[in-house]
>>> print(open('my_file.cif').read())   # mmCIF, C-alpha atoms
data_final
loop_
_atom_site.label_atom_id
_atom_site.label_comp_id
_atom_site.auth_asym_id
_atom_site.auth_seq_id
_atom_site.Cartn_x
_atom_site.Cartn_y
_atom_site.Cartn_z
CA MET A 1 16.46 -33.43 -26.26
CA THR A 2 20.15 -34.15 -26.73
CA ARG A 3 21.78 -35.15 -23.43
CA VAL A 4 25.35 -33.85 -23.35
CA VAL A 5 28.18 -35.55 -21.45
CA ALA A 6 29.98 -32.80 -19.51
CA ARG A 7 32.41 -32.40 -16.65
CA PRO A 8 31.02 -30.32 -13.77
CA ASP A 9 32.97 -27.20 -14.75
CA LYS A 10 31.41 -27.32 -18.23
CA LEU A 11 27.79 -27.32 -17.02
CA ASP A 12 25.69 -24.28 -17.85
CA LEU A 13 23.21 -23.89 -15.00
CA ASP A 14 22.64 -20.18 -15.51
CA SER A 15 21.79 -19.34 -19.14
CA PRO A 16 18.11 -19.15 -20.17
CA GLY A 17 16.50 -22.32 -21.54
CA ARG A 18 16.62 -26.05 -20.93
CA ARG A 19 19.70 -28.26 -20.99
CA ASP A 20 20.03 -32.00 -20.40
CA TYR A 21 23.35 -33.40 -19.17
CA TRP A 22 25.15 -36.52 -18.17
CA VAL A 23 27.42 -35.08 -15.47
CA ALA A 24 30.71 -37.01 -15.84
CA LEU A 25 32.73 -37.81 -12.72
CA GLU A 26 35.86 -39.89 -13.12
CA HIS A 27 35.24 -43.61 -12.54
CA ASP A 28 37.05 -45.23 -9.62
CA SER A 29 38.13 -48.40 -11.41
CA ILE A 30 37.54 -48.40 -15.17
CA TRP A 31 38.80 -46.00 -17.81
CA GLY A 32 35.60 -44.01 -17.96
CA ASP A 33 33.07 -41.94 -16.05
CA HIS A 34 30.17 -42.21 -13.66
CA LEU A 35 27.30 -40.43 -15.45
CA ILE A 36 24.72 -38.50 -13.41
CA PRO A 37 21.58 -37.40 -15.29
CA LEU A 38 20.78 -33.74 -14.71
CA THR A 39 18.19 -31.50 -16.35
CA VAL A 40 18.16 -27.75 -15.76
CA TRP A 41 15.66 -25.09 -16.77
CA VAL A 42 16.43 -21.39 -16.37
CA GLY A 43 13.62 -18.89 -16.85
CA PRO A 44 13.46 -15.13 -17.30
CA GLU A 45 13.07 -14.40 -13.57
CA SER A 46 16.05 -16.45 -12.41
CA ALA A 47 18.17 -14.89 -9.69
CA GLU A 48 21.54 -15.63 -8.17
CA GLY A 49 21.31 -18.15 -5.36
CA ARG A 50 17.64 -18.87 -6.06
CA GLY A 51 16.20 -22.07 -7.48
CA LEU A 52 14.92 -25.54 -6.70
CA VAL A 53 16.79 -28.83 -6.90
CA ALA A 54 15.17 -32.26 -6.49
CA PHE A 55 17.29 -35.39 -6.07
CA GLY A 56 16.36 -39.03 -6.59
CA SER A 57 18.44 -42.11 -5.75
CA ASN A 58 20.57 -40.65 -3.02
CA HIS A 59 20.33 -44.34 -2.09
CA GLY A 60 20.45 -46.73 -5.02
CA ASN A 61 17.60 -49.07 -4.07
CA GLU A 62 14.89 -46.44 -3.60
CA TYR A 63 12.92 -45.93 -6.79
CA GLU A 64 9.92 -43.63 -6.32
CA GLY A 65 12.17 -40.57 -6.53
CA PRO A 66 13.88 -41.50 -9.81
CA VAL A 67 10.56 -42.46 -11.40
CA ALA A 68 8.79 -39.28 -10.27
CA LEU A 69 11.61 -37.01 -11.45
CA LYS A 70 11.94 -38.79 -14.78
CA HIS A 71 8.24 -38.11 -15.37
CA LEU A 72 8.74 -34.45 -14.45
CA THR A 73 11.55 -34.02 -16.99
CA ARG A 74 8.85 -34.67 -19.60
CA GLN A 75 6.05 -32.79 -17.89
CA ILE A 76 7.65 -29.42 -17.10
CA ARG A 77 7.47 -27.01 -20.04
CA THR A 78 10.32 -24.58 -20.60
CA GLU A 79 7.93 -21.71 -21.24
CA ASP A 80 6.39 -22.21 -17.78
CA VAL A 81 9.68 -21.93 -15.90
CA ARG A 82 10.14 -18.60 -14.09
CA GLY A 83 13.35 -19.18 -12.18
CA ARG A 84 15.73 -22.14 -11.96
CA ILE A 85 14.75 -25.81 -11.64
CA ILE A 86 17.32 -28.60 -11.45
CA LEU A 87 16.21 -32.24 -11.47
CA VAL A 88 18.67 -35.06 -10.74
CA PRO A 89 16.73 -38.35 -11.00
CA VAL A 90 19.76 -40.51 -10.11
CA LEU A 91 22.26 -38.74 -7.87
CA ASN A 92 24.29 -41.88 -7.11
CA PRO A 93 24.68 -43.93 -10.32
CA SER A 94 27.05 -46.45 -8.71
CA ALA A 95 24.51 -47.45 -6.05
CA PHE A 96 21.58 -47.23 -8.49
CA ARG A 97 23.14 -49.58 -11.04
CA SER A 98 23.82 -52.18 -8.34
CA GLY A 99 20.47 -51.71 -6.59
CA THR A 100 22.15 -51.11 -3.23
CA ARG A 101 21.93 -48.50 -0.50
CA GLU A 102 25.65 -47.76 -0.67
CA SER A 103 27.99 -47.41 -3.65
CA LYS A 104 28.81 -51.12 -3.35
CA PRO A 105 30.63 -51.67 -6.67
CA ASP A 106 33.03 -48.81 -5.94
CA ASP A 107 33.90 -47.27 -2.58
CA GLY A 108 31.05 -48.79 -0.54
CA VAL A 109 30.09 -45.43 0.96
CA ASN A 110 26.56 -44.29 1.81
CA LEU A 111 26.03 -40.98 -0.02
CA ASN A 112 23.65 -39.79 2.69
CA ARG A 113 26.55 -40.00 5.16
CA ALA A 114 29.14 -38.49 2.81
CA PHE A 115 28.51 -34.76 3.36
CA VAL A 116 31.42 -34.44 5.78
CA ASP A 117 34.45 -32.19 6.03
CA GLY A 118 36.94 -32.87 3.24
CA ALA A 119 34.53 -34.91 1.09
CA GLY A 120 35.99 -35.21 -2.40
CA THR A 121 38.87 -32.87 -1.63
CA THR A 122 41.18 -34.95 0.59
CA PRO A 123 42.93 -38.22 -0.37
CA ALA A 124 41.17 -40.22 2.34
CA LEU A 125 37.75 -39.12 1.03
CA ALA A 126 38.40 -39.21 -2.71
CA GLY A 127 36.08 -42.04 -3.83
CA ILE A 128 33.12 -41.46 -6.12
CA THR A 129 30.56 -41.06 -3.34
CA HIS A 130 32.44 -38.26 -1.61
CA ARG A 131 33.12 -36.66 -4.99
CA ILE A 132 29.38 -36.59 -5.67
CA ALA A 133 28.97 -34.71 -2.39
CA ALA A 134 31.70 -32.29 -3.49
CA PHE A 135 29.92 -31.78 -6.83
CA VAL A 136 26.66 -30.92 -5.05
CA ARG A 137 28.46 -28.49 -2.77
CA ALA A 138 30.34 -26.71 -5.53
CA HIS A 139 27.76 -26.59 -8.30
CA ILE A 140 24.25 -27.06 -6.86
CA TRP A 141 24.12 -25.39 -3.44
CA PRO A 142 25.17 -21.93 -4.72
CA ARG A 143 22.27 -21.90 -7.21
CA VAL A 144 19.27 -23.04 -5.17
CA HIS A 145 17.31 -22.12 -2.07
CA VAL A 146 14.88 -25.07 -2.13
CA VAL A 147 16.13 -28.67 -1.78
CA ILE A 148 13.99 -31.81 -2.19
CA ASP A 149 15.63 -35.16 -1.37
CA LEU A 150 13.31 -38.02 -2.36
CA HIS A 151 13.85 -41.21 -0.33
CA SER A 152 12.08 -44.53 0.31
CA GLY A 153 12.64 -47.35 2.76
CA GLY A 154 14.59 -49.57 0.36
CA ASP A 155 15.36 -52.92 1.96
CA VAL A 156 15.62 -51.44 5.44
CA ALA A 157 12.14 -50.34 6.44
CA ARG A 158 8.52 -50.10 5.43
CA PHE A 159 7.19 -46.61 6.10
CA SER A 160 3.85 -44.97 6.35
CA PRO A 161 4.47 -42.53 3.45
CA CYS A 162 5.73 -39.22 4.74
CA ALA A 163 7.48 -36.00 3.91
CA SER A 164 10.21 -35.22 6.42
CA TYR A 165 12.51 -32.60 7.88
CA HIS A 166 14.65 -31.86 10.93
CA PRO A 167 13.87 -29.27 13.58
CA VAL A 168 15.52 -25.94 12.70
CA GLU A 169 16.02 -22.95 14.97
CA ASP A 170 14.99 -20.20 12.53
CA PRO A 171 11.19 -19.89 12.93
CA ASP A 172 10.65 -18.42 9.46
CA LEU A 173 12.65 -21.19 7.80
CA ALA A 174 10.86 -23.80 9.93
CA ARG A 175 7.49 -22.47 8.79
CA GLU A 176 8.49 -22.53 5.11
CA ILE A 177 9.84 -26.09 5.42
CA ASP A 178 6.70 -27.35 7.15
CA GLU A 179 4.40 -25.77 4.58
CA THR A 180 6.45 -27.16 1.69
CA ALA A 181 6.35 -30.65 3.23
CA ARG A 182 2.57 -30.58 3.64
CA TRP A 183 2.05 -30.13 -0.11
CA PHE A 184 3.31 -33.65 -0.79
CA GLY A 185 -0.07 -34.85 0.50
CA THR A 186 1.35 -37.73 2.55
CA PRO A 187 -0.46 -39.12 5.62
CA SER A 188 2.40 -38.04 7.90
CA ILE A 189 4.90 -35.22 8.17
CA MET A 190 7.91 -36.69 9.96
CA VAL A 191 10.14 -34.53 12.16
CA TYR A 192 13.20 -36.64 12.90
CA GLN A 193 16.45 -36.61 14.86
CA ASN A 194 19.39 -34.68 13.44
CA GLN A 195 22.30 -36.53 15.03
CA THR A 196 23.45 -38.68 12.08
CA PRO A 197 26.62 -37.23 10.53
CA GLY A 198 26.96 -36.47 6.83
CA LEU A 199 23.32 -36.16 5.75
CA LEU A 200 22.56 -34.23 2.57
CA PRO A 201 19.41 -32.58 4.02
CA SER A 202 21.20 -31.66 7.26
CA GLU A 203 23.80 -29.71 5.29
CA ALA A 204 21.13 -28.00 3.18
CA GLU A 205 19.25 -26.98 6.34
CA ARG A 206 22.45 -25.60 7.91
CA LEU A 207 22.90 -23.48 4.79
CA GLY A 208 19.43 -22.01 5.36
CA LYS A 209 17.71 -23.77 2.48
CA ILE A 210 14.06 -24.84 2.48
CA THR A 211 14.74 -28.57 2.72
CA VAL A 212 12.28 -31.47 2.59
CA GLY A 213 12.92 -35.20 2.43
CA THR A 214 10.50 -38.08 1.96
CA GLU A 215 9.91 -41.76 2.56
CA LEU A 216 7.64 -42.82 -0.31
CA GLY A 217 7.89 -46.62 -0.53
CA TRP A 218 9.85 -49.72 0.42
CA GLY A 219 11.10 -53.09 -0.71
CA ARG A 220 12.94 -52.03 -3.89
CA ALA A 221 9.58 -51.63 -5.62
CA VAL A 222 7.78 -48.64 -7.16
CA ASN A 223 4.85 -47.57 -5.01
CA LEU A 224 2.02 -45.98 -7.02
CA GLU A 225 1.01 -43.49 -4.34
CA GLY A 226 4.65 -42.74 -3.56
CA VAL A 227 5.30 -41.62 -7.13
CA ARG A 228 2.15 -39.48 -7.04
CA TYR A 229 3.19 -37.83 -3.78
CA GLY A 230 6.72 -37.23 -5.11
CA LYS A 231 5.63 -35.60 -8.36
CA HIS A 232 3.03 -33.42 -6.68
CA GLY A 233 5.37 -32.28 -3.91
CA VAL A 234 8.14 -31.23 -6.29
CA LEU A 235 5.72 -29.36 -8.58
CA ALA A 236 4.04 -27.66 -5.63
CA ALA A 237 7.41 -26.56 -4.24
CA ALA A 238 8.48 -25.16 -7.62
CA ILE A 239 5.23 -23.21 -8.01
CA ARG A 240 4.96 -21.98 -4.42
CA HIS A 241 8.56 -20.79 -4.32
CA GLY A 242 8.40 -18.85 -7.56
CA GLN A 243 10.33 -21.12 -9.91
CA LEU A 244 7.40 -22.38 -12.04
CA ARG A 245 4.22 -20.77 -13.35
CA GLY A 246 0.89 -22.40 -12.71
CA GLU A 247 -1.61 -23.29 -10.05
CA ILE A 248 -1.79 -26.46 -8.05
CA GLU A 249 -4.43 -27.89 -5.73
CA PRO A 250 -3.77 -29.88 -2.54
CA ILE A 251 -4.12 -33.65 -2.81
CA ALA A 252 -4.81 -36.62 -0.55
CA HIS A 253 -4.29 -36.05 3.18
CA HIS A 254 -3.26 -32.42 2.68
CA ARG A 255 -6.52 -31.73 0.85
CA ASP A 256 -8.56 -33.66 3.42
CA GLY A 257 -6.94 -32.07 6.46
CA THR A 258 -5.92 -35.48 7.84
CA GLN A 259 -2.14 -35.08 7.86
CA LYS A 260 -0.41 -35.83 11.18
CA VAL A 261 2.81 -34.12 12.19
CA VAL A 262 4.80 -36.80 14.02
CA GLU A 263 8.10 -36.52 15.83
CA MET A 264 10.86 -39.08 16.35
CA VAL A 265 13.74 -37.21 17.88
CA ASP A 266 14.66 -39.33 20.92
CA ARG A 267 15.70 -42.92 21.58
CA GLU A 268 12.37 -43.94 23.12
CA CYS A 269 10.81 -43.88 19.65
CA PHE A 270 13.07 -46.69 18.38
CA THR A 271 12.73 -50.39 19.24
CA VAL A 272 16.03 -52.20 18.62
CA ALA A 273 16.43 -55.89 17.76
CA PRO A 274 18.37 -57.49 20.67
CA PHE A 275 19.46 -60.49 18.56
CA ASP A 276 19.62 -61.66 14.95
CA GLY A 277 16.16 -62.92 14.04
CA HIS A 278 13.12 -62.76 11.78
CA TYR A 279 10.61 -59.96 12.27
CA GLU A 280 6.84 -60.51 12.12
CA PRO A 281 4.70 -57.33 12.13
CA LEU A 282 1.40 -57.47 14.01
CA VAL A 283 0.00 -54.08 12.91
CA GLU A 284 0.25 -51.97 9.77
CA CYS A 285 2.35 -48.84 9.49
CA GLY A 286 0.20 -45.82 10.30
CA THR A 287 -1.54 -47.58 13.22
CA VAL A 288 -2.06 -45.56 16.42
CA VAL A 289 -0.53 -47.39 19.41
CA ARG A 290 0.10 -46.85 23.10
CA ARG A 291 3.39 -47.15 24.94
CA GLY A 292 3.94 -50.84 25.78
CA ASP A 293 1.71 -52.21 23.00
CA THR A 294 3.24 -55.17 21.16
CA VAL A 295 3.72 -54.07 17.56
CA GLY A 296 5.60 -57.12 16.24
CA LEU A 297 7.43 -60.29 17.16
CA LEU A 298 11.08 -61.20 16.69
CA HIS A 299 11.62 -64.93 16.13
CA ASP A 300 14.80 -66.91 16.80
CA PHE A 301 14.69 -69.99 14.57
CA ASP A 302 17.96 -71.31 15.98
CA HIS A 303 16.01 -71.72 19.22
CA ILE A 304 12.77 -72.89 17.67
CA ASP A 305 11.03 -73.59 20.99
CA MET A 306 11.76 -70.15 22.45
CA GLU A 307 8.83 -67.74 22.70
CA PRO A 308 9.13 -64.87 20.20
CA TRP A 309 10.46 -61.61 21.62
CA PRO A 310 7.78 -58.87 21.74
CA ALA A 311 8.74 -55.63 19.99
CA VAL A 312 6.79 -53.01 21.92
CA ALA A 313 6.05 -49.35 21.31
CA GLY A 314 8.31 -47.11 23.34
CA VAL A 315 5.95 -44.13 23.27
CA ASP A 316 2.32 -43.27 22.54
CA GLY A 317 1.99 -42.43 18.86
CA VAL A 318 1.86 -43.77 15.32
CA VAL A 319 3.81 -46.72 13.92
CA LEU A 320 5.80 -44.79 11.34
CA ALA A 321 8.15 -47.56 10.20
CA GLN A 322 8.92 -51.24 10.69
CA ALA A 323 11.54 -53.63 9.39
CA TRP A 324 10.67 -54.59 5.82
CA ALA A 325 12.80 -57.68 5.23
CA ALA A 326 12.03 -60.48 7.68
CA PRO A 327 15.70 -61.29 8.50
CA VAL A 328 17.08 -58.52 10.73
CA PRO A 329 20.49 -58.17 12.39
CA ARG A 330 20.96 -57.40 16.04
CA GLY A 331 20.87 -53.65 16.57
CA GLN A 332 18.50 -52.79 13.70
CA HIS A 333 15.61 -50.47 14.49
CA ILE A 334 12.71 -52.83 13.81
CA VAL A 335 9.89 -50.58 15.05
CA VAL A 336 9.71 -46.79 14.97
CA VAL A 337 6.82 -45.12 16.79
CA ALA A 338 6.55 -41.36 16.38
CA ARG A 339 4.74 -39.04 18.75
CA VAL A 340 1.85 -37.09 17.26
CA VAL A 341 2.61 -33.38 17.79
CA GLY A 342 0.22 -31.74 15.33
#
>>> encode(input="my_file.cif", output="structure tokens")
Amino acid sequence: MTRVVARPDKLDLDSPGRRDYWVALEHDSIWGDHLIPLTVWVGPESAEGRGLVAFGSNHGNEYEGPVALKHLTRQIRTEDVRGRIILVPVLNPSAFRSGTRESKPDDGVNLNRAFVDGAGTTPALAGITHRIAAFVRAHIWPRVHVVIDLHSGGDVARFSPCASYHPVEDPDLAREIDETARWFGTPSIMVYQNQTPGLLPSEAERLGKITVGTELGWGRAVNLEGVRYGKHGVLAAAIRHGQLRGEIEPIAHHRDGTQKVVEMVDRECFTVAPFDGHYEPLVECGTVVRRGDTVGLLHDFDHIDMEPWPAVAGVDGVVLAQAWAAPVPRGQHIVVVARVVG
């Protein structure tokens, strides 16, 4: 396939067939462009406002999503596409090229906090990260009803692999989101707080889209199972929501009926580091714990003779995430225990 460099207004996301683009957004500092890889298929049953988009590298140091979507650009056959499928393996090329969570070489903004009022359209929010958000709003949202945002823990946290979503008020939408999430096959389905401003999935949910996120790995590595979960979940969503022909069987914990729906929507679920230190986990992610159990220890090596501080579970539940890198700053969530609700 020939990958064409095109400004957003020159993209064809509606005509039948497959097209491969480098979406060109003006670079912040050099005479050139940021290039976002995008592949679109449009089949004979495509409809206005209907389709699936899957994003990788919303954060630049999370790699299961980009790897899974790159594989799918080779796996999906044009003749099998019924509706519209858009794959964006690297949504934030600035962060991806530097291997950082934020767009460090350019405006330093976290893309998953950039979906705010005025993003990319006002002078104060005109850097590349906010312009990526504006591109998604103008060119992707009007064409899709299913949104998959593939994340991993990066340098921040080690997760028990999970698909994720926020609570939504519409019961029919909530049911569709939950069912779509289950098809990833992950051990956990994470329902998480929706108080952080500027999240991509929060905006998609507010627009009434079937929206699922993930946490598929950690540590700036490529997790084998995470890639498998990511590929399967995107394919299952495309098939189940009428955008791709074919049949697909459940895998892993979905197949075995061992998935846990876990909820982390209040402050009791989060254990915060009270000082700069080094975190030592005592249990693996996925372990069932009781409120008050010591999950890990926070060491202060400037006070070498001081007893380590016990990081305890705030609720009964499952250890969903822990700090990945040993050095942690004061205020970081070093243990997350989610309540089992289903």
>>> residues_around(input="my_file.cif", residues="stretch 160-175 of chain A", least_positions_apart="2", cutoff="6 Å", atoms="only C-alpha atoms", output="PDB file with C-alpha atoms, in the frame of the given file")
ATOM      1  CA  ILE A 177       9.840 -26.090   5.420  1.00  0.00           C
ATOM      2  CA  ASP A 178       6.700 -27.350   7.150  1.00  0.00           C
ATOM      3  CA  ALA A 181       6.350 -30.650   3.230  1.00  0.00           C
ATOM      4  CA  THR A 186       1.350 -37.730   2.550  1.00  0.00           C
ATOM      5  CA  SER A 188       2.400 -38.040   7.900  1.00  0.00           C
ATOM      6  CA  ILE A 189       4.900 -35.220   8.170  1.00  0.00           C
ATOM      7  CA  MET A 190       7.910 -36.690   9.960  1.00  0.00           C
ATOM      8  CA  VAL A 191      10.140 -34.530  12.160  1.00  0.00           C
ATOM      9  CA  TYR A 192      13.200 -36.640  12.900  1.00  0.00           C
ATOM     10  CA  VAL A 212      12.280 -31.470   2.590  1.00  0.00           C
ATOM     11  CA  GLY A 213      12.920 -35.200   2.430  1.00  0.00           C
ATOM     12  CA  THR A 214      10.500 -38.080   1.960  1.00  0.00           C
ATOM     13  CA  GLU A 215       9.910 -41.760   2.560  1.00  0.00           C
ATOM     14  CA  LEU A 216       7.640 -42.820  -0.310  1.00  0.00           C
ATOM     15  CA  CYS A 285       2.350 -48.840   9.490  1.00  0.00           C
ATOM     16  CA  GLY A 286       0.200 -45.820  10.300  1.00  0.00           C
ATOM     17  CA  LEU A 320       5.800 -44.790  11.340  1.00  0.00           C
TER      18      LEU A 320
END
>>> residues_around(input="my_file.cif", residues="A:Ile132", least_positions_apart="6", cutoff="8 Å", atoms="all atoms listed in the file", output="PyMOL selection string")
chain A and resi 25+91-92+111+120
>>> resolve_selection(input="my_file.cif", expression="the PyMOL selection byres ((chain A and resi 260-262) around 6)", output="PyMOL selection string")
chain A and resi 188-190+259+263+338-342
>>> atom_distance(input="my_file.cif", atom1="atom CA of A:Thr100", atom2="atom CA of A:Arg3")
25.7 Å
>>> resolve_selection(input="my_file.cif", expression="the PyMOL selection byres ((chain A and resi 274-283) around 6)", output="short mmCIF file (atom, residue, chain, number, x, y, z; two decimals) with C-alpha atoms, in the coordinates of the input")
data_model
loop_
_atom_site.label_atom_id
_atom_site.label_comp_id
_atom_site.auth_asym_id
_atom_site.auth_seq_id
_atom_site.Cartn_x
_atom_site.Cartn_y
_atom_site.Cartn_z
CA ALA A 273 16.43 -55.89 17.76
CA GLU A 284 0.25 -51.97 9.77
CA VAL A 295 3.72 -54.07 17.56
CA GLY A 296 5.60 -57.12 16.24
CA LEU A 297 7.43 -60.29 17.16
CA LEU A 298 11.08 -61.20 16.69
CA HIS A 299 11.62 -64.93 16.13
CA ASP A 300 14.80 -66.91 16.80
CA ALA A 326 12.03 -60.48 7.68
CA PRO A 327 15.70 -61.29 8.50
CA VAL A 328 17.08 -58.52 10.73
CA PRO A 329 20.49 -58.17 12.39
CA ARG A 330 20.96 -57.40 16.04
#
>>> atom_distance(input="my_file.cif", atom1="atom CA of A:Gly226", atom2="atom CA of A:Glu205")
23.7 Å
>>> atom_distance(input="my_file.cif", atom1="atom CA of A:Val5", atom2="atom CA of A:Arg245")
29.3 Å
>>> residues_around(input="my_file.cif", residues="A:Gly56", least_positions_apart="3", cutoff="9 Å", atoms="only C-alpha atoms", output="PyMOL selection string")
chain A and resi 59-60+62-69+87-92+148-151
>>> closest_residue(input="my_file.cif", among="A:Gly185, A:Pro310, A:Pro197, A:Pro93", to="A:His27", atoms="all atoms listed in the file")
A:Pro93
>>> closest_residue(input="my_file.cif", among="A:Asp117, A:Lys104, A:Ala6, A:Arg143", to="A:Glu48", atoms="all atoms listed in the file")
A:Arg143
>>> closest_residue(input="my_file.cif", among="A:Val53, A:Ala313, A:His253, A:Gly198", to="A:Arg267", atoms="all atoms listed in the file")
A:Ala313
>>> resolve_selection(input="my_file.cif", expression="the PyMOL selection byres ((chain A and resi 314) around 12)", output="PyMOL selection string")
chain A and resi 264+266-272+289-295+310-313+315-319+333-339
>>> closest_residue(input="my_file.cif", among="A:His145, A:Arg255, A:Arg240, A:Arg18", to="A:Ile210", atoms="all atoms listed in the file")
A:His145
>>> residues_near_point(input="my_file.cif", point="(29.0, -26.3, -17.3)", cutoff="12 Å", atoms="all atoms listed in the file", output="PyMOL selection string")
chain A and resi 4-15+19-24+38+40+135+138-140
>>> closest_residue(input="my_file.cif", among="A:Gly51, A:Pro16, A:Pro37, A:Gly219", to="A:Thr2", atoms="only C-alpha atoms")
A:Pro37
